[in-house]
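Undergrad: If you scroll down you'll find the structure; I have some questions about it.
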Amino acid sequence: MGSSSSPSCLLVGVFLFLAVVVSAFPSVVQAGITRHYQFDVEMANVTRLCSTKSIVTVNGQFPGPRIVAREGDRVAVRVINHVPYNVTIHWHGVRQLRSGWADGPAYVTQCPIPTGRSYVYNFTIVGQRGTLFWHAHISWLRATLYGPIIILPQLGVPYPFTKPYREVPVIFGEWWKADTEAIIHQALQTGGGPNVSDAYTINGLPGPLYNCSAKDTFKLKVKPGKTYLLRLINAALNDELFFSIANHTVTVVDVDGVYVKPFDAETLLITPGQTTNVLLHAKPYYPNAMFFMTARPYATGSGTFDNSTVAAVLEYQNPSRSSPAVFAKNLPLHKPTLPAFNDTSFAANFTGRLRSLATARFPANVPQTVDRRFLFTVGLGTSPCPKNQTCQGPNGTKFSATVNNISFASPTTALLQAHFFGQSRNVYSPDFPVVPLMPFNYTGTPPNNTLVSNGTKLVVLPFNTSVELVMQDTSILGTESHPLHLHGYNFFVVGQGFGNYDPAKDPAKFNLVDPAERNTVGVPAGGWVAIRFSADNPGVWFMHCHFDAHMSWGLKMAWLVLDGELPNQKLPPPPLANPSLLPLVRKLPFLVRWAAGGTEMGMKKAMKIERREGEREMGGWETPKRAECRIPTAIRCPPPPKKKSPAMALGKRRAPPKNGYFNPPDLEVLFALSQRREACV
């Protein structure tokens with residue numbers, strides 16, 4: 001997959017490259033330890049709603065295992081694919097500072113992991129603490145392939161709120177009785193909307209409000225007078241959710257892994273891709289009752305949705321019983337009241353209460369000046385129905401979704417690979433429009449022509465550019481809230497409103513002091529949201545709607561952030577075991593024979609690089625104990641073609657020196673030799 005766009009003859013050494021990876025990371029590594037995990041992606045039979053099906057899991061668990069680390073720790077997760085699908089894992093919300101190769105979205109930062117192969121995702125937690133989560137990032141596999149990431153403060157650093165007695169992940173999901181891969185495949189073929197889920201889940205369980213599900217209920221058991229930290233994660237595919245605990249108020253203390261000014265709430269709103277940490281203060285007395293914890297959708301679009309309610313149960317330990325952990329049965333069960341499914345005013349009021357902590361220790365570093373301003377429309381549209389086919393979208397068309405009326409065409413070569421090796425031609429173009437090409441009354445009467453354009457277009461940013469982005473919902477096929485997620489960055493939500501964004505009046509109301517810092521934000525239905533961020537992380541970073549139906553229809557794009565001038569502002573080379581490079585790794589025996597003088601013994605020694613866990617593991621493969629392979633100090637290569645890729649023209653550093661020589665280590669020779677080009681000898 002990754003070999004379809006192999007680079008031209010830029011020079012390189014091979015195994016010494018691993019030393020580059022090792023030496024490239026210390027600048028971002030803070031004091032911490034390395035935490036190793038192994039994810040065996042495997043099928044498992046799971047029964048819900050009296051129906052059993054085979055689902056994709058990690059280590060046979062649903063939801064998947066939790067990742068626990070402290071701020072400053074390095075995390076190495078070996079993912080082994082045992083299922084008949086290509087797989088990638090995204091570490092949602094992790095900044096991935098200079099580790100973009102580990103971000104995970106398929107064909108953006110990597111080609112997927114094929115069946116029977118493995119890859120080690122290697123990244124460091126820098127300046128983050130709180131709750132994030134991991135999930136599959138290809139097709140709809142994340143319907144069952146997800147789990148929590150718990151980031152604790154550095155040792156000796158307390159929470160900026162009451163220390164909880166216990167911490168509990170609460171993960172919202174969706175459940176289909178049918179195979180979700182078949183569902184989205186059928187929807188994309190017919191052009192219609194995908195079938196909605198059969199149930200919502202809390203920690204993988206639908207709860208007692210669904211038929212044949214009473215035994216599959218999550219129960220949170222608490223002690224009177226204790227404080228609990230609930231780590232809420234919305235891993236649902238297509239629905240924002242209201243959440244409430246009957247007769248209880250919670251204190252919001254963290255969103256998307258960033259502390260906020262605490263505030264109390266009886267009901268929360270959480271979109272797919274968002275996380276929220278709340279403190280639950282158990283009643284100081286035994287209440288002689290049980291309480292439902294319920295969630296149901298906030299839905300603003302015109303399409304169908306799963307209008308059901310998932311419930312878990314909050315139970316109190318009875319302190320008067322002799323047993324240390326007695327939870328009474330058959331008690332009164334209280335139910336919370338949730339907002340109406342389309343209560344946009346509640347949604348706006350709740351998100352408007354979020355403010356960064358903005359203290360000396362946890363500052364809100366909001367860009368006060370802006371280098372580049374963008375206006376992106378986000379919404380739906382249509383594509384023509386192919387000839388000799390009947391389509392089920394609006395007026396016989398197929399549903400599409402766009403950013404600035406461009407429906408993203410997924411490449412077959414990973415964008416980051418194409419960028420790094422200067423081979424963007426026929427993979428992507430760096431001309432994504434900064435404003436809508438055909439302005440209209442975005443929230444008024446929609447245009448008659450709803451057809452979209454298609455393309456793989458990126459926005460290119462110089463390193464450290466300060467960005468202001470306004471995302472505007474449109475009325476095409478109906479206004480709707482869209483949760484937009486940006487990979488590789490946190491951003492500040494400086495403003496939001498209803499109607500069309502007014503660049504003359506609305507910026508005066510922006511909060512540049514303590515706005516919420518997030519990685520996922522809901523664009524209000526029939527409204528807009530403004531965010532700011534500094535482009536301080538080189539690489540290719542995906543941005544997309546976290547409704548998987550909309551993402552499948554094309555509501556996604558990518559930002560290409562160029563290298564800075566300093567060594568710690570540059571993207572390191574890819575790990576040798578990156579799935580994008582698998583076609584090249586298969587060529588290694590030829591390369592090693594060439595580098596080792598053609599001897600079989602030299603080849604065997606040079607190939608002694610094993611994929612296994614260990615303290616020397618870096619970016620997918622363990623580094624060899626000593627370099628057995630003799631690499632020439634310089635290799636002659638013809639000069640590069642005169643026409644450079646657009647990214648190189650904008651400041652890429654990969655072009656060879658004028659004398660035509662490179663001194664290793666680097667990796668491009670792998671590509672040249674894998675294509676059996678004889679120029680580099």
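Labels used: A, B, ... for chains in the order of the structure tokens, numbers from 1 for residues in each chain, and numbers from 1 for ligands as shown.
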Can you pull out the residues contacting Val56 of chain A? Cut-off 7 Å, using only C-alpha atoms, and skip same-chain residues under 6 positions away; I want them as a list of chain:residue names.
TA: A:Val41, A:Glu42, A:Met43, A:Ala44, A:Thr144, A:Leu145
Undergrad: Please dump the current selection as a PDB file, in the first residue's frame; keep N, CA and C atoms.
TA:
ATOM      1  N   VAL A  41      -5.021  -7.709  18.642  1.00  0.00           N
ATOM      2  CA  VAL A  41      -6.314  -7.422  18.024  1.00  0.00           C
ATOM      3  C   VAL A  41      -6.876  -8.742  17.517  1.00  0.00           C
ATOM      4  N   GLU A  42      -7.985  -9.166  18.124  1.00  0.00           N
ATOM      5  CA  GLU A  42      -8.510 -10.501  17.844  1.00  0.00           C
ATOM      6  C   GLU A  42     -10.030 -10.488  17.900  1.00  0.00           C
ATOM      7  N   MET A  43     -10.630 -11.455  17.241  1.00  0.00           N
ATOM      8  CA  MET A  43     -12.079 -11.591  17.248  1.00  0.00           C
ATOM      9  C   MET A  43     -12.531 -12.255  18.549  1.00  0.00           C
ATOM     10  N   ALA A  44     -13.708 -11.865  19.010  1.00  0.00           N
ATOM     11  CA  ALA A  44     -14.286 -12.466  20.210  1.00  0.00           C
ATOM     12  C   ALA A  44     -15.800 -12.450  20.076  1.00  0.00           C
ATOM     13  N   THR A 144     -16.212  -1.175  18.231  1.00  0.00           N
ATOM     14  CA  THR A 144     -15.904  -2.066  19.356  1.00  0.00           C
ATOM     15  C   THR A 144     -14.449  -1.995  19.778  1.00  0.00           C
ATOM     16  N   LEU A 145     -13.624  -1.297  19.023  1.00  0.00           N
ATOM     17  CA  LEU A 145     -12.183  -1.271  19.293  1.00  0.00           C
ATOM     18  C   LEU A 145     -11.824   0.068  19.930  1.00  0.00           C
TER      19      LEU A 145
END
Undergrad: Considering only alpha helix (DSSP H) as DSSP defines it on the backbone, what residues of segment 431-607 of chain A qualify? List them as a ChimeraX atom specification.
TA: /A:548-553,582-585,588-595,600-606
Undergrad: Mind writing the picked residues with N, CA and C atoms as a short mmCIF file (atom, residue, chain, number, x, y, z; two decimals), in the first residue's frame?
TA:
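Okay, this is what ended up in selection_18.cif:
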data_model
loop_
_atom_site.label_atom_id
_atom_site.label_comp_id
_atom_site.auth_asym_id
_atom_site.auth_seq_id
_atom_site.Cartn_x
_atom_site.Cartn_y
_atom_site.Cartn_z
N ASP A 548 -18.89 9.18 12.68
CA ASP A 548 -18.25 8.32 11.69
C ASP A 548 -19.02 8.27 10.37
N ALA A 549 -20.35 8.45 10.43
CA ALA A 549 -21.11 8.50 9.18
C ALA A 549 -20.65 9.68 8.33
N HIS A 550 -20.50 10.86 8.96
CA HIS A 550 -20.06 12.04 8.22
C HIS A 550 -18.62 11.90 7.76
N MET A 551 -17.77 11.32 8.61
CA MET A 551 -16.39 11.14 8.19
C MET A 551 -16.32 10.18 7.00
N SER A 552 -17.14 9.14 7.00
CA SER A 552 -17.15 8.21 5.87
C SER A 552 -17.61 8.89 4.60
N TRP A 553 -18.44 9.92 4.75
CA TRP A 553 -18.93 10.66 3.57
C TRP A 553 -17.94 11.72 3.12
N LEU A 582 6.35 -1.44 4.93
CA LEU A 582 6.44 -2.91 4.85
C LEU A 582 6.88 -3.40 3.47
N PRO A 583 6.36 -2.82 2.39
CA PRO A 583 6.84 -3.29 1.08
C PRO A 583 8.34 -3.11 0.92
N LEU A 584 8.91 -2.12 1.58
CA LEU A 584 10.33 -1.86 1.47
C LEU A 584 11.13 -2.78 2.38
N VAL A 585 10.58 -3.05 3.55
CA VAL A 585 11.27 -3.96 4.47
C VAL A 585 11.43 -5.33 3.84
N LEU A 588 14.69 -5.88 2.19
CA LEU A 588 15.90 -5.75 2.99
C LEU A 588 16.98 -6.78 2.67
N PRO A 589 16.69 -8.04 2.42
CA PRO A 589 17.79 -8.97 2.13
C PRO A 589 18.65 -8.50 0.96
N PHE A 590 18.04 -7.98 -0.08
CA PHE A 590 18.82 -7.45 -1.21
C PHE A 590 19.68 -6.28 -0.76
N LEU A 591 19.09 -5.37 0.01
CA LEU A 591 19.84 -4.20 0.46
C LEU A 591 20.97 -4.61 1.38
N VAL A 592 20.68 -5.55 2.28
CA VAL A 592 21.70 -5.95 3.25
C VAL A 592 22.85 -6.67 2.56
N ARG A 593 22.54 -7.50 1.57
CA ARG A 593 23.64 -8.16 0.84
C ARG A 593 24.53 -7.12 0.16
N TRP A 594 23.87 -6.10 -0.38
CA TRP A 594 24.65 -5.03 -1.01
C TRP A 594 25.51 -4.31 0.03
N ALA A 595 24.93 -4.00 1.19
CA ALA A 595 25.66 -3.22 2.19
C ALA A 595 26.70 -4.06 2.92
N GLU A 600 26.47 -13.94 3.02
CA GLU A 600 25.29 -14.42 3.73
C GLU A 600 25.40 -14.16 5.22
N MET A 601 26.63 -14.29 5.77
CA MET A 601 26.82 -14.03 7.19
C MET A 601 26.53 -12.57 7.52
N GLY A 602 27.03 -11.65 6.65
CA GLY A 602 26.76 -10.24 6.89
C GLY A 602 25.27 -9.94 6.84
N MET A 603 24.57 -10.60 5.91
CA MET A 603 23.15 -10.39 5.81
C MET A 603 22.43 -10.82 7.08
N LYS A 604 22.79 -12.00 7.59
CA LYS A 604 22.12 -12.51 8.79
C LYS A 604 22.38 -11.62 9.98
N LYS A 605 23.60 -11.13 10.10
CA LYS A 605 23.90 -10.25 11.23
C LYS A 605 23.12 -8.94 11.12
N ALA A 606 23.09 -8.38 9.93
CA ALA A 606 22.41 -7.10 9.76
C ALA A 606 20.91 -7.23 9.95
#
Undergrad: Quick one: residues within 9 Å of Arg66 of chain A, only C-alpha atoms counted, chain neighbours fewer than 2 positions away excluded, as an mmCIF file with all heavy atoms, in the first residue's frame?
TA:
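Written file, out_18.cif:
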data_model
loop_
_atom_site.group_PDB
_atom_site.id
_atom_site.type_symbol
_atom_site.label_atom_id
_atom_site.label_comp_id
_atom_site.auth_asym_id
_atom_site.auth_seq_id
_atom_site.Cartn_x
_atom_site.Cartn_y
_atom_site.Cartn_z
ATOM 1 N N PRO A 63 -15.273 -3.131 26.615
ATOM 2 C CA PRO A 63 -14.279 -2.306 25.924
ATOM 3 C C PRO A 63 -12.854 -2.800 26.178
ATOM 4 O O PRO A 63 -12.626 -3.668 27.020
ATOM 5 C CB PRO A 63 -14.493 -0.917 26.534
ATOM 6 C CG PRO A 63 -15.867 -0.932 27.094
ATOM 7 C CD PRO A 63 -16.066 -2.350 27.568
ATOM 8 N N GLY A 64 -11.918 -2.205 25.480
ATOM 9 C CA GLY A 64 -10.553 -2.678 25.542
ATOM 10 C C GLY A 64 -9.825 -2.257 26.804
ATOM 11 O O GLY A 64 -10.340 -1.491 27.625
ATOM 12 N N VAL A 68 -2.497 3.299 31.174
ATOM 13 C CA VAL A 68 -2.261 4.168 32.327
ATOM 14 C C VAL A 68 -0.823 4.666 32.255
ATOM 15 O O VAL A 68 0.116 3.879 32.098
ATOM 16 C CB VAL A 68 -2.510 3.437 33.661
ATOM 17 C CG1 VAL A 68 -2.251 4.377 34.840
ATOM 18 C CG2 VAL A 68 -3.939 2.903 33.726
ATOM 19 N N PHE A 133 -8.558 8.756 25.177
ATOM 20 C CA PHE A 133 -8.900 7.360 24.869
ATOM 21 C C PHE A 133 -8.267 6.952 23.555
ATOM 22 O O PHE A 133 -7.813 7.787 22.775
ATOM 23 C CB PHE A 133 -10.418 7.129 24.883
ATOM 24 C CG PHE A 133 -11.206 7.736 23.746
ATOM 25 C CD1 PHE A 133 -11.869 6.934 22.833
ATOM 26 C CD2 PHE A 133 -11.348 9.115 23.617
ATOM 27 C CE1 PHE A 133 -12.644 7.472 21.812
ATOM 28 C CE2 PHE A 133 -12.112 9.671 22.599
ATOM 29 C CZ PHE A 133 -12.756 8.848 21.691
ATOM 30 N N TRP A 134 -8.190 5.648 23.354
ATOM 31 C CA TRP A 134 -7.662 5.103 22.110
ATOM 32 C C TRP A 134 -8.789 4.421 21.354
ATOM 33 O O TRP A 134 -9.751 3.938 21.957
ATOM 34 C CB TRP A 134 -6.502 4.128 22.365
ATOM 35 C CG TRP A 134 -6.854 2.945 23.228
ATOM 36 C CD1 TRP A 134 -6.672 2.806 24.574
ATOM 37 C CD2 TRP A 134 -7.463 1.719 22.790
ATOM 38 N NE1 TRP A 134 -7.122 1.592 25.018
ATOM 39 C CE2 TRP A 134 -7.607 0.900 23.935
ATOM 40 C CE3 TRP A 134 -7.890 1.230 21.570
ATOM 41 C CZ2 TRP A 134 -8.177 -0.380 23.883
ATOM 42 C CZ3 TRP A 134 -8.453 -0.038 21.500
ATOM 43 C CH2 TRP A 134 -8.583 -0.820 22.653
ATOM 44 N N GLY A 147 -10.795 2.052 24.104
ATOM 45 C CA GLY A 147 -10.519 1.906 25.536
ATOM 46 C C GLY A 147 -9.963 3.204 26.093
ATOM 47 O O GLY A 147 -9.588 4.118 25.347
ATOM 48 N N PRO A 148 -9.863 3.334 27.413
ATOM 49 C CA PRO A 148 -9.448 4.599 28.035
ATOM 50 C C PRO A 148 -7.935 4.768 28.084
ATOM 51 O O PRO A 148 -7.177 3.800 28.145
ATOM 52 C CB PRO A 148 -10.028 4.500 29.444
ATOM 53 C CG PRO A 148 -10.057 3.027 29.728
ATOM 54 C CD PRO A 148 -10.306 2.346 28.405
ATOM 55 N N ILE A 149 -7.510 6.021 28.049
ATOM 56 C CA ILE A 149 -6.139 6.415 28.366
ATOM 57 C C ILE A 149 -6.217 7.294 29.603
ATOM 58 O O ILE A 149 -6.851 8.356 29.577
ATOM 59 C CB ILE A 149 -5.464 7.181 27.215
ATOM 60 C CG1 ILE A 149 -5.417 6.329 25.951
ATOM 61 C CG2 ILE A 149 -4.057 7.620 27.613
ATOM 62 C CD1 ILE A 149 -4.854 7.069 24.734
ATOM 63 N N ILE A 150 -5.586 6.859 30.683
ATOM 64 C CA ILE A 150 -5.612 7.585 31.950
ATOM 65 C C ILE A 150 -4.228 8.167 32.182
ATOM 66 O O ILE A 150 -3.251 7.425 32.327
ATOM 67 C CB ILE A 150 -6.034 6.661 33.101
ATOM 68 C CG1 ILE A 150 -7.469 6.166 32.863
ATOM 69 C CG2 ILE A 150 -5.931 7.384 34.441
ATOM 70 C CD1 ILE A 150 -7.902 5.078 33.817
#
Undergrad: Counting only C-alpha atoms, what is within 10 Å of Ala347 of chain A, bar same-chain residues fewer than 3 positions away, as a list in words?
TA: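 That gives Phe242, Leu268, Leu269, Ile270, Tyr298, Pro339, Asn342, Asp343, Thr344, Phe350, Thr351, Gly352, Gly522, Pro524 and Ala525 of chain A.
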Undergrad: May I ask for the distance between atom CA of His546 of chain A and atom CA of Leu375 of chain A, given in Å to one decimal place?
TA: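 The value is 19.2 Å.
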Undergrad: Please determine, counting only C-alpha atoms, which residue among A:Asn349, A:Thr217, A:Gln110, A:Asn519 has the shortest atom-to-atom distance to Gly497 of chain A.
TA: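 Between A:Asn349, A:Thr217, A:Gln110, A:Asn519, the residue approaching Gly497 of chain A most closely is A:Asn349.
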Undergrad: Please return, as a PyMOL selection string, all residues of segment 532-577 of chain A that DSSP assigns to strand (DSSP E) on the basis of the backbone.
TA: chain A and resi 532-535+539-545+556-561
Undergrad: Go ahead and compute the interatomic distance for atom CA of Asn448 of chain A and atom CA of Gly478 of chain A, in Å to one decimal.
TA: 12.9 Å
Undergrad: Go through A:Leu415, A:Met557, A:Gly539, A:His92 and flag the residue nearest Gly455 of chain A, using only C-alpha atoms for the distances.
TA: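 Among A:Leu415, A:Met557, A:Gly539, A:His92, it is A:Met557 that comes nearest to Gly455 of chain A.
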Undergrad: What's the separation between atom CA of Phe399 of chain A and atom CA of Thr456 of chain A, in Å to one decimal place?
TA: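 These two atoms are separated by 18.2 Å.
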Undergrad: Any idea what's packed within 12 Å of Ser302 of chain A, counting only C-alpha atoms, ignoring anything in its chain fewer than 5 positions away? Could you give it as a compact mmCIF listing (two decimals) with all heavy atoms, in the first residue's frame?
TA:
# COMPACT_ATOMS: atom_id res chain seq x y z
N GLY A 193 -28.19 6.77 4.17
CA GLY A 193 -27.68 6.83 5.54
C GLY A 193 -27.51 5.44 6.12
O GLY A 193 -28.31 4.53 5.84
N ASN A 342 -33.30 17.76 21.11
CA ASN A 342 -32.83 18.84 20.24
C ASN A 342 -32.66 20.15 21.00
O ASN A 342 -32.81 21.24 20.43
CB ASN A 342 -33.80 19.04 19.07
CG ASN A 342 -35.21 19.36 19.54
OD1 ASN A 342 -35.50 19.31 20.75
ND2 ASN A 342 -36.09 19.68 18.62
N LEU A 380 -23.23 18.88 5.01
CA LEU A 380 -23.53 17.78 4.10
C LEU A 380 -23.68 18.28 2.67
O LEU A 380 -23.69 19.48 2.41
CB LEU A 380 -24.82 17.07 4.54
CG LEU A 380 -24.83 16.54 5.98
CD1 LEU A 380 -26.13 15.78 6.24
CD2 LEU A 380 -23.63 15.67 6.26
N PRO A 394 -30.52 11.88 -1.11
CA PRO A 394 -31.53 12.87 -1.49
C PRO A 394 -31.74 12.93 -3.00
O PRO A 394 -30.78 13.06 -3.77
CB PRO A 394 -30.94 14.18 -0.96
CG PRO A 394 -30.00 13.76 0.13
CD PRO A 394 -29.43 12.46 -0.31
N SER A 475 -26.76 25.08 6.12
CA SER A 475 -28.14 24.56 6.06
C SER A 475 -28.34 23.58 4.92
O SER A 475 -29.46 23.10 4.71
CB SER A 475 -29.12 25.73 5.91
OG SER A 475 -28.82 26.49 4.75
N ILE A 476 -27.28 23.27 4.18
CA ILE A 476 -27.42 22.31 3.08
C ILE A 476 -27.83 20.95 3.64
O ILE A 476 -27.13 20.38 4.48
CB ILE A 476 -26.11 22.21 2.28
CG1 ILE A 476 -25.78 23.55 1.63
CG2 ILE A 476 -26.22 21.12 1.21
CD1 ILE A 476 -24.46 23.56 0.89
N LEU A 477 -28.98 20.47 3.22
CA LEU A 477 -29.58 19.24 3.73
C LEU A 477 -29.89 19.34 5.23
O LEU A 477 -29.99 18.32 5.91
CB LEU A 477 -28.71 18.01 3.44
CG LEU A 477 -28.37 17.76 1.97
CD1 LEU A 477 -27.59 16.46 1.81
CD2 LEU A 477 -29.64 17.72 1.11
N GLY A 478 -30.00 20.56 5.75
CA GLY A 478 -30.38 20.77 7.14
C GLY A 478 -29.19 21.10 8.02
O GLY A 478 -28.12 20.50 7.90
N THR A 479 -29.40 22.06 8.94
CA THR A 479 -28.34 22.40 9.89
C THR A 479 -28.17 21.24 10.87
O THR A 479 -29.09 20.49 11.16
CB THR A 479 -28.68 23.68 10.66
OG1 THR A 479 -29.91 23.50 11.36
CG2 THR A 479 -28.79 24.87 9.72
N GLU A 480 -26.95 21.13 11.40
CA GLU A 480 -26.65 20.02 12.31
C GLU A 480 -25.36 20.32 13.06
O GLU A 480 -24.45 20.95 12.52
CB GLU A 480 -26.49 18.72 11.50
CG GLU A 480 -26.27 17.48 12.33
CD GLU A 480 -26.32 16.21 11.50
OE1 GLU A 480 -26.52 16.30 10.27
OE2 GLU A 480 -26.16 15.13 12.08
N SER A 481 -25.30 19.89 14.30
CA SER A 481 -24.07 20.01 15.08
C SER A 481 -23.04 19.00 14.56
O SER A 481 -23.40 17.87 14.23
CB SER A 481 -24.35 19.77 16.56
OG SER A 481 -23.17 19.79 17.31
N ALA A 525 -25.28 23.63 15.80
CA ALA A 525 -26.23 23.50 14.70
C ALA A 525 -26.72 24.88 14.29
O ALA A 525 -27.21 25.65 15.12
CB ALA A 525 -27.41 22.63 15.13
Undergrad: Out of A:Pro507, A:Asp473, A:Gln38, A:Gln368, which residue has the shortest atom-to-atom distance to Pro446 of chain A when counting only C-alpha atoms?
TA: A:Asp473
